Amino acid sequence: MSGMEVLVVGSGGREHALAIGLSKSDSVSSVHCSPGNAGTSMVATNHDVPASDTEGIVNLAKDLRVSLVVVGPEAPLVNGLSDRLRQESIPSFGPHSEGAILEGSKTHAKTVMAALGVPTGRFERIDEIDSIGASLESFEPPWVIKRDVLAGGKGVTVTSSRSEAYEALRSGIETDGFVLMEEHLSGEEASVLVIMDESGYVMLPASQDHKRVGNNDQGPNTGGMGAYAPAPVATPSVLARTREEIVEPMHHHLRNSETPYRGCLYVGLMIDEDGAPSVVEFNVRLGDPEAQVTIPLFQTDLGLVLLAAAQGNLADVELSL
Ligand code: AMP
Ligand code: GLY
């Protein structure tokens, strides 16, 4: 097959990396990006429809007669962009809205993990300012407080200061009506991006991003300020456990859900000192900046891999990394 037109949705470094990878794919004749950025304009044609404009993106994909849409960020997925594209018979790399809830709601992700026995930290939902004190007592510091909203990695407070923890809980309840507190996991973090559909899955080499501002990881969390791959902390034995304890059950669950999951499941891991992995978070898309260091490792035509996953034929593609 040759000569696909592909539309990449989004405007970050991840979308630049996707556009570069696709522009180097023999299967792809031209790459479009919406809205794109200065980087994507060097390898693709930028369009001015925002990623949040679902109908605008669907119309753009139809006007351009693209064979594939690759959705970069999570918000359009949560808002149902892939659902709408599939209704129009346009293959989309990225899960439907039902699958995207794994990132859209941390409560949902925790509930799924508990049902499947996937290792992750204990958590509690806190609705009342009056119960903050008791909740702080029931977890050991450092406290981990999370808003259950899409916050680009910035809705989390990790602190050993009781007053800071109290304030994060109080303001979370005031803003959103409730907030989550989670058991603190210690160890080394790594990200494993898993391309999947109902026919199979492929785990890409593990990467690590640099999350905290300042020297010695002392500052607040960011969405990630740079990354490298492969990450040596994810040893063959860690990866084998990750596959068996996390990826296999998640894939089994997602492939059997009402609408199969087609896209990337980002597994944010904490690896403890004994090499046991547990899940810090799931995202429903490639990581940014993890994509920038993972996509260049593909030896296989990226366009073919993403199209196969979007069509549910991933098992037919032999991927070399
Ligand atoms: P999240 O939005 O859930 O991905 O969290 C963002 C970042 O906060 C993670 O990448 C970790 O660095 C940190 N974090 C989140 N949850 C925990 C936890 N339970 N224990 C330790 N650190 C955490
Ligand atoms: N780098 C973290 C993320 O993409 O969520």
# chains A, B, ... in the order shown; residues from 1 in each chain; ligands from 1
>>> closest_atom_pairs(of="chain A", to="ligand 1", cutoff="10 Å", atoms="only C-alpha atoms and all ligand atoms", output="Markdown table")
| residue | atom | partner | partner_atom_place_in_ligand_line | distance |
| --- | --- | --- | --- | --- |
| A:Glu103 | CA | ligand 1 | 2 (O) | 9.1 |
| A:Lys106 | CA | ligand 1 | 3 (O) | 7.7 |
| A:Thr120 | CA | ligand 1 | 19 (N) | 7.9 |
| A:Gly121 | CA | ligand 1 | 19 (N) | 5.8 |
| A:Arg122 | CA | ligand 1 | 19 (N) | 8.2 |
| A:Phe123 | CA | ligand 1 | 19 (N) | 8.5 |
| A:Pro142 | CA | ligand 1 | 21 (C) | 8.3 |
| A:Trp143 | CA | ligand 1 | 20 (N) | 8.2 |
| A:Val144 | CA | ligand 1 | 18 (C) | 5.8 |
| A:Ile145 | CA | ligand 1 | 16 (N) | 7.9 |
| A:Lys146 | CA | ligand 1 | 3 (O) | 7.0 |
| A:Arg147 | CA | ligand 1 | 2 (O) | 8.6 |
| A:Asp148 | CA | ligand 1 | 2 (O) | 9.0 |
| A:Val149 | CA | ligand 1 | 2 (O) | 9.3 |
| A:Leu150 | CA | ligand 1 | 2 (O) | 8.4 |
| A:Ala151 | CA | ligand 1 | 2 (O) | 7.3 |
| A:Gly152 | CA | ligand 1 | 2 (O) | 7.0 |
| A:Gly153 | CA | ligand 1 | 2 (O) | 4.1 |
| A:Lys154 | CA | ligand 1 | 2 (O) | 6.4 |
| A:Gly155 | CA | ligand 1 | 2 (O) | 6.1 |
| A:Val156 | CA | ligand 1 | 5 (O) | 5.6 |
| A:Thr157 | CA | ligand 1 | 8 (O) | 7.1 |
| A:Val158 | CA | ligand 1 | 22 (N) | 6.5 |
| A:Thr159 | CA | ligand 1 | 22 (N) | 9.6 |
| A:Met181 | CA | ligand 1 | 19 (N) | 8.5 |
| A:Glu182 | CA | ligand 1 | 19 (N) | 5.3 |
| A:Glu183 | CA | ligand 1 | 19 (N) | 5.2 |
| A:His184 | CA | ligand 1 | 20 (N) | 3.7 |
| A:Leu185 | CA | ligand 1 | 20 (N) | 3.7 |
| A:Ser186 | CA | ligand 1 | 21 (C) | 5.8 |
| A:Gly187 | CA | ligand 1 | 21 (C) | 8.3 |
| A:Glu188 | CA | ligand 1 | 12 (O) | 9.1 |
| A:Glu189 | CA | ligand 1 | 10 (O) | 7.0 |
| A:Ala190 | CA | ligand 1 | 10 (O) | 8.7 |
| A:Ser191 | CA | ligand 1 | 10 (O) | 9.0 |
| A:Gln208 | CA | ligand 1 | 10 (O) | 10.0 |
| A:Asp209 | CA | ligand 1 | 10 (O) | 8.8 |
| A:His210 | CA | ligand 1 | 12 (O) | 9.2 |
| A:Lys211 | CA | ligand 1 | 12 (O) | 6.5 |
| A:Arg212 | CA | ligand 1 | 12 (O) | 7.7 |
| A:Asp217 | CA | ligand 1 | 12 (O) | 9.8 |
| A:Pro220 | CA | ligand 1 | 8 (O) | 9.1 |
| A:Asn221 | CA | ligand 1 | 7 (C) | 6.4 |
| A:Thr222 | CA | ligand 1 | 6 (C) | 7.9 |
| A:Gly223 | CA | ligand 1 | 6 (C) | 7.6 |
| A:Gly224 | CA | ligand 1 | 10 (O) | 8.5 |
| A:Val267 | CA | ligand 1 | 4 (O) | 9.6 |
| A:Gly268 | CA | ligand 1 | 10 (O) | 6.8 |
| A:Leu269 | CA | ligand 1 | 10 (O) | 8.2 |
| A:Met270 | CA | ligand 1 | 21 (C) | 7.7 |
| A:Ser278 | CA | ligand 1 | 19 (N) | 9.4 |
| A:Val279 | CA | ligand 1 | 19 (N) | 8.4 |
| A:Val280 | CA | ligand 1 | 16 (N) | 5.1 |
| A:Glu281 | CA | ligand 1 | 3 (O) | 4.7 |
| A:Phe282 | CA | ligand 1 | 4 (O) | 7.4 |
| A:Asn283 | CA | ligand 1 | 4 (O) | 8.1 |
>>> residues_around(residues="Val58 in chain A", least_positions_apart="5", cutoff="8 Å", atoms="only C-alpha atoms", output="list in words")
Leu81, Arg84 and Leu85 of chain A
>>> residues_around(residues="Ser82 in chain A", least_positions_apart="5", cutoff="9 Å", atoms="only C-alpha atoms", output="count of residues only")
13
>>> closest_residue(among="A:Pro289, A:Gly117, A:Gly263, A:Pro296", to="ligand 2", atoms="only C-alpha atoms and all ligand atoms")
A:Pro289
>>> select_by_dssp(residues="range 70-298 of chain A", states="strand (DSSP E)", output="number ranges by chain")
A: 70-71, 92-93, 123-126, 143-146, 156-159, 179-182, 188-197, 200-203, 208-209, 227-228, 263-271, 277-283
>>> atom_distance(atom1="CA of Ser257 in chain A", atom2="CA of Leu18 in chain A")
27.4 Å
>>> atom_distance(atom1="CA of Asp197 in chain A", atom2="CA of Arg262 in chain A")
4.3 Å
>>> closest_residue(among="A:Asn79, A:Thr294, A:Asn216, A:Thr175", to="Ala17 in chain A", atoms="only C-alpha atoms")
A:Thr294
>>> atom_distance(atom1="CA of Leu68 in chain A", atom2="CA of Pro35 in chain A")
16.3 Å
